[in-house]
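Asks: Pasting data-v6.txt here (compact mmCIF, C-alpha atoms and all ligand atoms):
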# COMPACT_ATOMS: atom_id res chain seq x y z
CA MET A 9 34.88 121.09 107.45
CA THR A 10 32.58 122.94 109.85
CA GLY A 11 29.19 124.11 108.74
CA ILE A 12 28.37 121.37 106.23
CA TYR A 13 25.61 120.16 108.49
CA SER A 14 24.25 123.42 109.91
CA ALA A 15 21.39 123.26 107.38
CA PHE A 16 20.30 120.04 109.11
CA GLY A 17 20.19 121.82 112.47
CA VAL A 18 23.43 120.34 113.77
CA ALA A 19 25.02 122.53 116.44
CA PRO A 20 28.60 123.62 115.69
CA GLU A 21 29.89 121.93 118.85
CA VAL A 22 28.25 118.61 117.86
CA GLU A 23 29.66 118.79 114.34
CA HIS A 24 33.09 119.66 115.67
CA TYR A 25 33.08 116.85 118.20
CA CYS A 26 31.96 114.31 115.59
CA GLY A 27 34.48 115.60 113.07
CA ALA A 28 37.36 114.97 115.45
CA ILE A 29 36.22 111.38 116.02
CA ALA A 30 35.76 110.73 112.29
CA ALA A 31 39.22 112.10 111.55
CA SER A 32 40.80 109.50 113.84
CA LEU A 33 39.41 106.51 111.96
CA GLN A 34 41.48 106.44 108.77
CA GLU A 35 43.30 103.23 109.61
CA ARG A 36 40.09 101.34 110.40
CA PHE A 37 38.50 102.62 107.23
CA ALA A 38 41.45 101.41 105.19
CA GLN A 39 40.81 97.88 106.48
CA ALA A 40 37.17 98.04 105.37
CA ASP A 41 38.25 99.29 101.95
CA ALA A 42 40.80 96.49 101.61
CA ALA A 43 38.13 93.84 102.29
CA ALA A 44 35.81 95.54 99.80
CA GLU A 45 38.46 95.37 97.11
CA ILE A 46 38.95 91.63 97.60
CA ASN A 47 35.20 90.96 97.69
CA GLN A 48 34.57 93.16 94.66
CA ALA A 49 37.07 91.08 92.70
CA ARG A 50 35.39 87.87 93.86
CA VAL A 51 31.95 89.03 92.70
CA LEU A 52 33.28 90.34 89.40
CA ARG A 53 35.11 87.12 88.66
CA ALA A 54 31.96 85.08 89.43
CA MET A 55 29.96 87.23 87.01
CA GLN A 56 32.58 86.85 84.30
CA GLU A 57 32.98 83.10 84.75
CA ASN A 58 29.23 82.66 84.48
CA ARG A 59 29.07 84.85 81.36
CA VAL A 60 26.55 87.34 82.71
CA ASP A 61 25.14 89.28 79.75
CA ALA A 62 22.25 91.57 78.93
CA ALA A 63 19.93 88.63 78.28
CA CYS A 64 20.23 87.75 81.96
CA PHE A 65 18.20 90.85 82.80
CA TYR A 66 15.12 90.02 80.72
CA GLY A 67 12.03 89.66 82.88
CA THR A 68 9.99 86.47 82.93
CA THR A 69 6.35 85.87 83.82
CA GLY A 70 4.00 83.00 84.57
CA TYR A 71 5.76 79.79 85.59
CA GLY A 72 9.17 81.19 84.81
CA TYR A 73 10.37 78.09 82.98
CA ASP A 74 13.76 78.51 81.30
CA ASP A 75 14.54 81.72 83.14
CA ALA A 76 18.21 81.69 82.20
CA GLY A 77 18.99 84.94 84.00
CA ARG A 78 17.59 83.56 87.25
CA ASP A 79 19.61 80.37 86.90
CA THR A 80 22.78 82.31 86.08
CA LEU A 81 22.30 84.56 89.11
CA GLU A 82 22.07 81.45 91.26
CA ARG A 83 25.33 80.19 89.75
CA VAL A 84 26.94 83.56 90.47
CA TYR A 85 25.89 83.35 94.12
CA ALA A 86 27.10 79.76 94.33
CA ALA A 87 30.47 80.82 92.88
CA VAL A 88 30.89 83.68 95.34
CA PHE A 89 29.89 81.55 98.34
CA HIS A 90 31.85 78.53 97.03
CA THR A 91 28.82 76.26 97.27
CA GLU A 92 27.45 73.57 94.96
CA ALA A 93 24.11 75.27 94.57
CA ALA A 94 22.12 78.39 95.41
CA LEU A 95 18.50 79.43 95.57
CA VAL A 96 18.19 83.19 95.04
CA ARG A 97 14.61 84.25 94.59
CA PRO A 98 12.23 87.17 94.89
CA GLN A 99 9.75 84.55 96.16
CA LEU A 100 11.85 84.31 99.33
CA VAL A 101 10.06 87.28 100.81
CA CYS A 102 12.53 88.12 103.60
CA GLY A 103 15.33 86.67 105.69
CA THR A 104 12.98 84.96 108.11
CA HIS A 105 11.24 83.27 105.21
CA ALA A 106 14.52 82.03 103.73
CA LEU A 107 15.53 80.65 107.13
CA ALA A 108 12.11 79.05 107.64
CA VAL A 109 12.36 77.40 104.22
CA ALA A 110 15.89 76.13 104.92
CA LEU A 111 14.86 74.69 108.28
CA GLY A 112 11.49 73.32 107.21
CA ALA A 113 12.98 71.67 104.14
CA ASN A 114 15.72 69.87 106.00
CA LEU A 115 14.01 68.82 109.24
CA LEU A 116 11.45 66.04 109.44
CA PRO A 117 9.15 64.96 112.27
CA GLY A 118 11.19 63.38 115.05
CA ASP A 119 14.32 65.38 114.17
CA GLU A 120 15.90 67.80 116.59
CA LEU A 121 17.24 71.27 115.87
CA LEU A 122 20.08 72.62 118.00
CA SER A 123 21.27 76.19 118.46
CA PRO A 124 24.69 76.12 120.15
CA VAL A 125 24.90 79.93 120.27
CA GLY A 126 21.95 80.77 122.50
CA LYS A 127 18.61 82.23 121.57
CA PRO A 128 18.08 82.81 117.86
CA TYR A 129 16.78 86.00 116.28
CA ASP A 130 13.34 87.03 117.57
CA THR A 131 11.37 86.17 114.44
CA LEU A 132 12.73 82.61 114.47
CA GLU A 133 11.14 81.92 117.84
CA GLU A 134 7.79 81.36 116.17
CA VAL A 135 9.34 79.54 113.23
CA ILE A 136 10.92 77.06 115.62
CA GLY A 137 8.05 77.10 118.10
CA ILE A 138 9.95 78.50 121.08
CA ARG A 139 6.93 80.78 121.19
CA PRO A 140 4.01 78.60 120.12
CA SER A 141 2.73 79.36 116.65
CA PRO A 142 0.63 77.59 114.05
CA CYS A 143 2.86 75.89 111.46
CA SER A 144 5.95 76.09 113.68
CA LEU A 145 8.54 73.32 113.45
CA ALA A 146 7.41 72.22 116.92
CA GLU A 147 3.88 71.72 115.63
CA TYR A 148 5.31 69.42 112.95
CA GLY A 149 7.12 67.35 115.55
CA VAL A 150 10.60 68.87 115.30
CA SER A 151 12.09 69.37 118.75
CA TYR A 152 14.51 72.12 119.68
CA ARG A 153 17.40 72.47 122.03
CA GLN A 154 19.61 75.44 122.81
CA VAL A 155 23.00 75.79 124.45
CA GLU A 156 23.80 79.23 125.81
CA LEU A 157 27.08 80.98 125.13
CA LEU A 158 29.28 81.22 128.20
CA PRO A 159 29.21 84.56 130.04
CA ASP A 160 32.37 85.70 128.20
CA GLY A 161 30.68 85.01 124.83
CA SER A 162 32.64 81.84 124.08
CA PHE A 163 31.20 78.44 123.16
CA ASP A 164 30.17 75.96 125.83
CA TRP A 165 31.98 73.00 124.25
CA GLU A 166 30.93 70.48 126.88
CA GLY A 167 27.34 71.69 126.84
CA ILE A 168 27.24 71.41 123.06
CA ARG A 169 28.72 67.91 123.08
CA GLY A 170 26.10 66.90 125.66
CA ALA A 171 23.24 68.42 123.65
CA ILE A 172 24.04 66.61 120.39
CA ASN A 173 22.14 63.33 120.39
CA GLU A 174 20.87 60.70 117.96
CA ARG A 175 17.95 62.93 116.94
CA THR A 176 20.05 66.03 116.24
CA LYS A 177 19.65 66.61 112.52
CA LEU A 178 20.47 70.25 111.99
CA ILE A 179 22.54 72.81 113.86
CA THR A 180 21.72 76.46 113.37
CA ILE A 181 24.37 79.10 113.99
CA GLN A 182 23.49 82.77 113.92
CA ARG A 183 26.50 84.79 112.82
CA SER A 184 25.23 88.20 113.82
CA LYS A 185 24.16 89.24 117.29
CA GLY A 186 20.68 90.27 116.18
CA TYR A 187 18.82 91.84 119.12
CA ALA A 188 21.12 90.35 121.73
CA MET A 189 24.05 91.93 123.53
CA ARG A 190 26.44 89.14 122.59
CA PRO A 191 29.40 89.27 120.27
CA THR A 192 28.94 88.54 116.58
CA LEU A 193 30.82 85.45 115.49
CA SER A 194 33.74 85.59 113.08
CA VAL A 195 33.89 83.17 110.17
CA ALA A 196 36.88 81.54 111.90
CA GLN A 197 34.90 81.00 115.10
CA ILE A 198 31.98 79.60 113.13
CA GLY A 199 34.38 77.24 111.36
CA GLU A 200 35.73 76.01 114.69
CA LEU A 201 32.21 75.41 115.96
CA ILE A 202 31.20 73.55 112.78
CA SER A 203 34.26 71.29 113.00
CA PHE A 204 33.48 70.52 116.61
CA CYS A 205 29.82 69.72 115.92
CA LYS A 206 30.74 67.51 112.97
CA SER A 207 33.34 65.71 115.06
CA CYS A 208 30.58 64.91 117.56
CA ARG A 209 28.24 63.82 114.81
CA PRO A 210 29.62 63.72 111.23
CA ASP A 211 26.25 63.56 109.44
CA VAL A 212 24.73 66.59 111.16
CA LEU A 213 23.77 69.48 108.88
CA VAL A 214 24.88 72.99 109.75
CA MET A 215 22.99 76.08 108.67
CA VAL A 216 24.36 79.57 109.26
CA ASP A 217 22.00 82.53 109.54
CA ASN A 218 24.29 84.87 107.62
CA CYS A 219 22.12 88.00 107.89
CA TYR A 220 24.23 91.18 108.06
CA GLY A 221 27.49 89.24 107.75
CA GLU A 222 27.94 89.01 103.99
CA PHE A 223 31.10 90.68 102.63
CA VAL A 224 32.25 91.97 106.00
CA GLU A 225 35.09 89.49 105.89
CA THR A 226 36.76 88.03 102.81
CA THR A 227 35.41 84.54 103.44
CA GLU A 228 31.91 83.32 104.26
CA PRO A 229 30.68 80.57 106.60
CA SER A 230 30.27 78.32 103.55
CA ASP A 231 34.08 78.45 103.26
CA ALA A 232 34.20 77.15 106.83
CA GLY A 233 32.10 74.03 106.39
CA ALA A 234 28.47 75.22 106.61
CA ASP A 235 26.02 73.11 104.60
CA MET A 236 23.76 76.13 104.09
CA VAL A 237 24.20 79.87 104.46
CA VAL A 238 21.04 81.91 104.42
CA GLY A 239 20.25 85.60 104.25
CA SER A 240 18.12 88.46 103.01
CA LEU A 241 18.57 90.49 99.83
CA ILE A 242 17.31 93.63 101.53
CA LYS A 243 20.38 93.43 103.71
CA ASN A 244 24.02 93.15 102.60
CA PRO A 245 24.00 91.06 99.41
CA GLY A 246 21.25 93.12 97.77
CA GLY A 247 23.60 96.11 97.85
CA GLY A 248 20.66 98.43 98.56
CA LEU A 249 19.28 97.88 95.06
CA ALA A 250 17.48 94.54 95.37
CA PRO A 251 13.81 95.38 96.01
CA ILE A 252 12.99 91.94 97.48
CA GLY A 253 14.40 88.49 97.97
CA GLY A 254 16.40 86.02 99.97
CA TYR A 255 19.10 83.46 99.29
CA ILE A 256 20.11 80.00 100.41
CA CYS A 257 23.55 78.82 99.26
CA GLY A 258 24.72 75.35 100.10
CA THR A 259 25.10 71.74 99.12
CA ARG A 260 23.05 70.53 96.19
CA ALA A 261 21.13 68.13 98.43
CA CYS A 262 20.13 70.83 100.92
CA VAL A 263 19.32 73.48 98.32
CA GLU A 264 17.21 71.05 96.26
CA ARG A 265 15.09 70.30 99.31
CA CYS A 266 14.75 74.06 99.94
CA ALA A 267 13.52 74.56 96.38
CA TYR A 268 10.97 71.76 96.83
CA ARG A 269 9.78 73.37 100.05
CA LEU A 270 9.62 76.86 98.50
CA SER A 271 7.66 75.88 95.38
CA ALA A 272 6.42 72.29 95.48
CA PRO A 273 7.85 68.78 95.57
CA GLY A 274 8.75 67.88 92.00
CA LEU A 275 8.82 71.48 90.79
CA GLY A 276 11.75 72.86 92.76
CA GLN A 277 14.06 75.35 91.09
CA GLU A 278 12.51 74.92 87.64
CA VAL A 279 9.69 77.36 88.38
CA GLY A 280 9.53 80.90 89.71
CA ALA A 281 9.27 83.88 87.38
CA SER A 282 11.57 86.78 88.26
CA LEU A 283 9.29 89.46 86.79
CA ASP A 284 11.44 92.56 86.39
CA VAL A 285 13.77 92.40 89.37
CA LYS A 286 16.83 90.70 87.94
CA THR A 287 18.81 93.79 86.94
CA ALA A 288 18.48 95.04 90.50
CA LEU A 289 19.51 91.68 91.96
CA TYR A 290 22.61 91.50 89.76
CA GLN A 291 23.58 95.14 90.14
CA GLY A 292 22.93 95.06 93.87
CA PHE A 293 25.16 92.01 94.31
CA PHE A 294 27.81 93.79 92.25
CA MET A 295 27.59 96.89 94.48
CA ALA A 296 27.32 94.97 97.75
CA PRO A 297 31.02 94.78 98.72
CA VAL A 298 31.39 98.57 98.55
CA THR A 299 27.99 99.23 100.13
CA VAL A 300 28.93 96.95 103.02
CA ALA A 301 32.23 98.81 103.46
CA GLY A 302 30.31 102.10 103.75
CA ALA A 303 27.99 100.60 106.32
CA LEU A 304 30.98 99.27 108.25
CA LYS A 305 32.53 102.73 108.36
CA GLY A 306 29.29 104.08 109.79
CA ALA A 307 29.24 101.35 112.43
CA ILE A 308 32.86 102.02 113.40
CA PHE A 309 32.18 105.76 113.63
CA ALA A 310 29.07 105.20 115.77
CA ALA A 311 31.01 102.88 118.08
CA ARG A 312 33.89 105.28 118.61
CA LEU A 313 31.62 108.29 119.00
CA TYR A 314 29.30 106.78 121.58
CA GLU A 315 32.11 104.97 123.38
CA SER A 316 33.83 108.32 123.78
CA LEU A 317 30.66 109.60 125.44
CA GLY A 318 30.71 106.80 128.00
CA PHE A 319 28.13 104.42 126.54
CA ARG A 320 28.67 100.67 126.35
CA VAL A 321 28.96 99.75 122.69
CA LEU A 322 29.11 96.34 121.05
CA PRO A 323 31.41 95.71 119.32
CA GLY A 324 33.88 98.15 120.88
CA GLY A 325 35.31 100.93 118.78
CA GLU A 326 38.64 99.13 118.37
CA GLU A 327 37.30 95.62 117.83
CA HIS A 328 37.35 93.60 114.62
CA ARG A 329 33.96 93.49 112.92
CA HIS A 330 32.05 90.50 111.69
CA ASP A 331 28.76 92.16 110.79
CA ILE A 332 27.47 95.65 110.04
CA ILE A 333 25.40 96.03 113.20
CA GLN A 334 26.42 98.38 115.95
CA ALA A 335 24.69 98.03 119.28
CA ILE A 336 24.75 100.98 121.68
CA GLU A 337 23.36 100.60 125.17
CA LEU A 338 21.55 103.89 125.66
CA GLY A 339 20.13 103.05 129.08
CA SER A 340 16.81 104.87 128.83
CA PRO A 341 13.77 104.83 126.56
CA GLU A 342 14.12 108.61 126.02
CA ARG A 343 17.61 108.20 124.60
CA LEU A 344 16.55 105.27 122.41
CA VAL A 345 13.72 107.33 120.94
CA ALA A 346 15.91 110.42 120.47
CA PHE A 347 18.61 108.40 118.72
CA CYS A 348 16.08 106.95 116.28
CA GLU A 349 14.56 110.39 115.65
CA GLY A 350 18.00 111.62 114.61
CA ILE A 351 18.52 108.75 112.18
CA GLN A 352 15.09 109.38 110.69
CA ALA A 353 15.73 113.09 110.31
CA ALA A 354 18.83 112.34 108.24
CA ALA A 355 17.01 110.11 105.73
CA PRO A 356 16.53 110.88 102.03
CA VAL A 357 12.98 109.47 102.23
CA ASP A 358 10.40 110.15 104.97
CA SER A 359 12.75 112.55 106.77
CA TYR A 360 9.79 114.53 108.08
CA VAL A 361 8.16 111.67 109.99
CA ARG A 362 8.85 110.92 113.64
CA PRO A 363 9.36 107.27 114.58
CA VAL A 364 7.38 105.99 117.58
CA PRO A 365 7.58 102.65 119.42
CA ALA A 366 4.94 100.12 118.37
CA PRO A 367 4.25 96.39 118.51
CA MET A 368 5.76 94.39 115.62
CA PRO A 369 4.77 90.95 114.37
CA GLY A 370 7.40 88.45 115.45
CA TYR A 371 8.72 90.56 118.34
CA ASP A 372 7.64 90.21 121.96
CA SER A 373 8.07 93.86 123.05
CA ASP A 374 7.38 97.20 121.38
CA VAL A 375 10.02 98.13 118.85
CA ILE A 376 11.08 101.52 117.56
CA MET A 377 12.40 101.63 114.02
CA ALA A 378 13.93 104.51 112.15
CA ALA A 379 14.41 104.19 108.44
CA GLY A 380 13.81 106.37 105.47
CA ALA A 381 14.62 103.89 102.81
CA PHE A 382 14.15 103.55 99.06
CA VAL A 383 13.26 99.89 99.67
CA GLN A 384 10.72 99.48 102.46
CA GLY A 385 12.31 98.11 105.62
CA SER A 386 15.71 97.76 103.98
CA SER A 387 18.38 97.59 106.63
CA ILE A 388 21.39 97.85 104.35
CA GLU A 389 20.05 101.38 104.05
CA LEU A 390 20.65 103.58 107.08
CA SER A 391 18.39 102.35 109.82
CA ALA A 392 18.21 102.00 113.57
CA ASP A 393 15.93 99.98 115.70
CA GLY A 394 15.60 98.57 119.14
CA PRO A 395 13.13 96.84 121.38
CA LEU A 396 11.74 98.98 124.20
CA ARG A 397 13.20 96.92 126.99
CA PRO A 398 16.23 97.33 129.21
CA PRO A 399 19.06 98.03 128.60
CA TYR A 400 17.48 100.09 125.81
CA SER A 401 20.05 99.14 123.22
CA VAL A 402 19.79 100.63 119.80
CA TYR A 403 20.90 98.50 116.88
CA PHE A 404 22.26 100.70 114.19
CA GLN A 405 23.10 99.49 110.71
CA GLY A 406 23.47 100.32 107.07
CA GLY A 407 24.02 103.38 105.01
CA LEU A 408 24.26 103.17 101.23
CA THR A 409 27.09 105.68 101.45
CA TRP A 410 29.47 106.38 104.30
CA TYR A 411 28.59 110.08 104.18
CA HIS A 412 24.93 109.36 104.76
CA ALA A 413 25.75 107.01 107.63
CA LYS A 414 27.94 109.74 109.09
CA LEU A 415 25.21 112.37 108.90
CA GLY A 416 22.72 109.97 110.47
CA ILE A 417 24.98 109.37 113.44
CA ILE A 418 25.72 113.08 113.81
CA MET A 419 21.97 113.75 113.79
CA SER A 420 21.39 111.06 116.42
CA LEU A 421 23.86 112.80 118.71
CA GLN A 422 22.32 116.17 117.90
CA ARG A 423 18.90 114.91 119.08
CA LEU A 424 20.36 113.53 122.30
CA TYR A 425 22.28 116.76 122.84
CA GLU A 426 19.39 119.15 122.27
CA LYS A 427 17.15 117.14 124.63
CA GLY A 428 19.80 117.28 127.34
CA LEU A 429 20.24 113.50 127.31
CA VAL A 430 24.00 113.65 126.83
CA THR A 431 26.82 116.07 127.62
CA LEU A 432 29.75 116.56 125.32
CA PRO A 433 33.25 116.35 126.81
CA ALA A 434 35.35 119.48 126.38
CA ARG A 435 37.11 117.91 123.43
CA ALA A 436 37.04 114.68 121.46
CA ASP A 437 39.92 112.47 122.38
CA GLY A 438 38.92 109.69 119.95
C1 LIG B 1 17.25 90.41 109.86
C2 LIG B 1 17.60 89.11 110.44
C3 LIG B 1 16.77 88.02 110.28
C4 LIG B 1 15.42 88.09 109.64
O1 LIG B 1 15.39 88.72 108.42
P1 LIG B 1 14.08 89.51 107.93
O2 LIG B 1 14.42 89.84 106.55
O3 LIG B 1 13.91 90.68 108.81
O4 LIG B 1 12.94 88.56 108.04
C5 LIG B 1 17.19 86.82 110.80
N1 LIG B 1 18.35 86.73 111.47
C6 LIG B 1 19.16 87.76 111.66
C7 LIG B 1 20.46 87.59 112.41
C8 LIG B 1 18.81 88.99 111.15
O5 LIG B 1 19.63 90.03 111.32
Represent the structure of the file as structure tokens.
Ligand SMILES: *Cc1c(COP(=O)(O)O)cnc(C)c1O
Replies:
Amino acid sequence: MTGIYSAFGVAPEVEHYCGAIAASLQERFAQADAAAEINQARVLRAMQENRVDAACFYGTTGYGYDDAGRDTLERVYAAVFHTEAALVRPQLVCGTHALAVALGANLLPGDELLSPVGKPYDTLEEVIGIRPSPCSLAEYGVSYRQVELLPDGSFDWEGIRGAINERTKLITIQRSKGYAMRPTLSVAQIGELISFCKSCRPDVLVMVDNCYGEFVETTEPSDAGADMVVGSLIKNPGGGLAPIGGYICGTRACVERCAYRLSAPGLGQEVGASLDVKTALYQGFFMAPVTVAGALKGAIFAARLYESLGFRVLPGGEEHRHDIIQAIELGSPERLVAFCEGIQAAAPVDSYVRPVPAPMPGYDSDVIMAAGAFVQGSSIELSADGPLRPPYSVYFQGGLTWYHAKLGIIMSLQRLYEKGLVTLPARADG
């Protein structure tokens, strides 16, 4: 297979080294394909049961009353996530917005929000008010408490029991590691945590930030007792085709409040034109199980490759996966930048630009982001990013096809190699 990538400037020794690692991963890849097959069947069945037809794709304008395609798509999501209701809208502008809507709709002044899994994703700090912000939950009188994970990544059961009090209204659980070097939670672990929290306080609501987790396993946190699961359509469930949107799947009571918060009290889910995005939302959801499997293969390859070169990777190359993110501790800003340059250089779009670290709204340190995506900022498409702070971890995710993910990772290593930031062992032993 040598020479495929020479046109991209990949040195023969880099291509050879990477090829040996990739060749050792067949068994892992078969597991990803098996999950994709099950999830593909689940999505297909939901589309059939809800009688998806060409009329579902017609665009709507104005108020969007009687948008049957929008309502059917929400039933399809609810069927796949096994929830009573779903809100799936282009008006949910990103994952953070969907999470902010879910929290804001279900927390009232005097209520307390608890995260039993440590610090939430960076952009939620301002939503919650951990970092003061106008319109944060804190400003509206919602207090917040957090229980750290134990050093080995497990739950602090006693700490969680102690933190749940009479004001605790909603518990937020982030499935994916986000920008933290902690393990991603499996659906089974999330289920155990939900049961424990509900045994401490039966009427507490549980929301799971499901970003990057959809379709990695064959069940979702809503199968494990979550009242709401929330995510972004420009990540996994959009399948790379959705140009915008977010989703909230959950109990009818929770989702109705979310719809009132998103549009207006009294209007709720009845309004919201879908313009011309519905075909992409349907087709993306249809493609998502296979797209996610491709992204998983890329993550597994990146883990094994960089682990073989002596870097700390999370999860490890042999570990089970619960999201599509691969963290690699690169240990220096030069390596972080070089890695991202390689990902960028492999992109179908904007391959000629060079990513540079810059401040980002919602993040408290400079961030470097590499992406050459068809949908701006899409991170189900091949992308890499990381905050410029020790230990200089890069978070790598996506890839609409496994082969593109593979090239991106090869290019990342090529950049490190040509800048003398890594040495290749004599042979790959992966
Ligand atoms: C991406 C992400 C978010 C925020 O989503 P955006 O679409 O970037 O606003 C929240 N939580 C987690 C775990 C994420 O990965």
Asks: My list of candidates is A:Glu228, A:Glu174, A:Glu45, A:Asp75. Which is closest to A:Gly199 when distances are computed with only C-alpha atoms?
Replies: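 Ranked by minimum distance to A:Gly199, first place goes to A:Glu228.
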Asks: Excluding A:Ile138 and any residue of its chain fewer than 4 positions from it, enumerate the residues within 12 Å of it, using only C-alpha atoms, and give them as a list in words.
Replies: Leu121, Ser123, Lys127, Pro128, Tyr129, Asp130, Thr131, Leu132, Glu133, Glu134, Pro142, Ser144, Leu145, Ala146, Glu147, Val150, Ser151, Tyr152, Arg153, Gln154, Gly370 and Asp372 of chain A
Asks: Ranking A:Met189, A:Asn114, A:Asp284, A:Ser359 by minimum distance to A:Asp160 and counting only C-alpha atoms, which one comes first?
Replies: A:Met189
Asks: What's the separation between atom CA of A:Val238 and atom CA of A:Ala93, in Å to one decimal place?
Replies: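 Atom CA of A:Val238 sits 12.3 Å away from atom CA of A:Ala93.
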Asks: Nearest to ligand LIG 1 (chain B): which of A:Leu115, A:Leu107, A:Leu429, A:Ala272 is it, counting all atoms listed in the file?
Replies: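 With all atoms listed in the file as the atom set, the closest residue is A:Leu107.
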Asks: May I ask for the distance between atom CA of A:Ser401 and atom CA of A:Phe382, given in Å to one decimal place?
Replies: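 Result for atom CA of A:Ser401 versus atom CA of A:Phe382: 25.3 Å, one decimal.
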Asks: Here is a test: counting only C-alpha atoms and all ligand atoms, which residue of A:Leu33, A:Ala196, A:Val60, A:Val237 is nearest to ligand LIG 1 (chain B)?
Replies: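 The answer is A:Val237, which sits nearest to ligand LIG 1 (chain B).
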Asks: Can you tell me which residues sit at most 7 Å away from ligand LIG 1 (chain B), counting all atoms listed in the file, written as a ChimeraX atom specification?
Replies: /A:102-105,129,131,182-186,217-220,240,242
Asks: Could you state the separation of atom CA of A:Leu178 and atom CA of A:Ile388 in Å, given to one decimal place?
Replies: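 We find that atom CA of A:Leu178 and atom CA of A:Ile388 lie 28.7 Å from each other.
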Asks: For the structure just given, write the atoms of stretch 383-388 of chain A, namely all heavy atoms, as a short mmCIF file (atom, residue, chain, number, x, y, z; two decimals), in the first residue's frame.
Replies:
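And here's out_9.cif as it stands now:
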data_model
loop_
_atom_site.label_atom_id
_atom_site.label_comp_id
_atom_site.auth_asym_id
_atom_site.auth_seq_id
_atom_site.Cartn_x
_atom_site.Cartn_y
_atom_site.Cartn_z
N VAL A 383 -19.36 21.80 6.79
CA VAL A 383 -20.23 22.56 7.69
C VAL A 383 -19.33 23.25 8.70
O VAL A 383 -18.56 22.59 9.40
CB VAL A 383 -21.21 21.60 8.41
CG1 VAL A 383 -21.99 22.35 9.49
CG2 VAL A 383 -22.18 20.96 7.42
N GLN A 384 -19.42 24.57 8.77
CA GLN A 384 -18.48 25.34 9.59
C GLN A 384 -18.46 24.84 11.04
O GLN A 384 -19.50 24.76 11.69
CB GLN A 384 -18.88 26.82 9.57
CG GLN A 384 -17.86 27.70 10.27
CD GLN A 384 -18.49 29.01 10.75
OE1 GLN A 384 -19.07 29.08 11.81
NE2 GLN A 384 -18.37 30.03 9.93
N GLY A 385 -17.26 24.52 11.51
CA GLY A 385 -17.11 24.11 12.91
C GLY A 385 -17.58 22.70 13.21
O GLY A 385 -17.52 22.27 14.35
N SER A 386 -18.03 21.99 12.20
CA SER A 386 -18.54 20.64 12.43
C SER A 386 -17.44 19.75 12.99
O SER A 386 -16.34 19.66 12.44
CB SER A 386 -19.03 20.06 11.10
OG SER A 386 -19.25 18.66 11.23
N SER A 387 -17.74 19.06 14.07
CA SER A 387 -16.71 18.21 14.65
C SER A 387 -17.07 16.73 14.54
O SER A 387 -16.44 15.89 15.16
CB SER A 387 -16.41 18.62 16.09
OG SER A 387 -17.59 18.78 16.82
N ILE A 388 -18.08 16.40 13.71
CA ILE A 388 -18.18 15.01 13.26
C ILE A 388 -17.31 14.89 12.00
O ILE A 388 -16.90 13.81 11.61
CB ILE A 388 -19.64 14.59 12.99
CG1 ILE A 388 -19.73 13.10 12.63
CG2 ILE A 388 -20.29 15.42 11.90
CD1 ILE A 388 -19.29 12.15 13.69
#
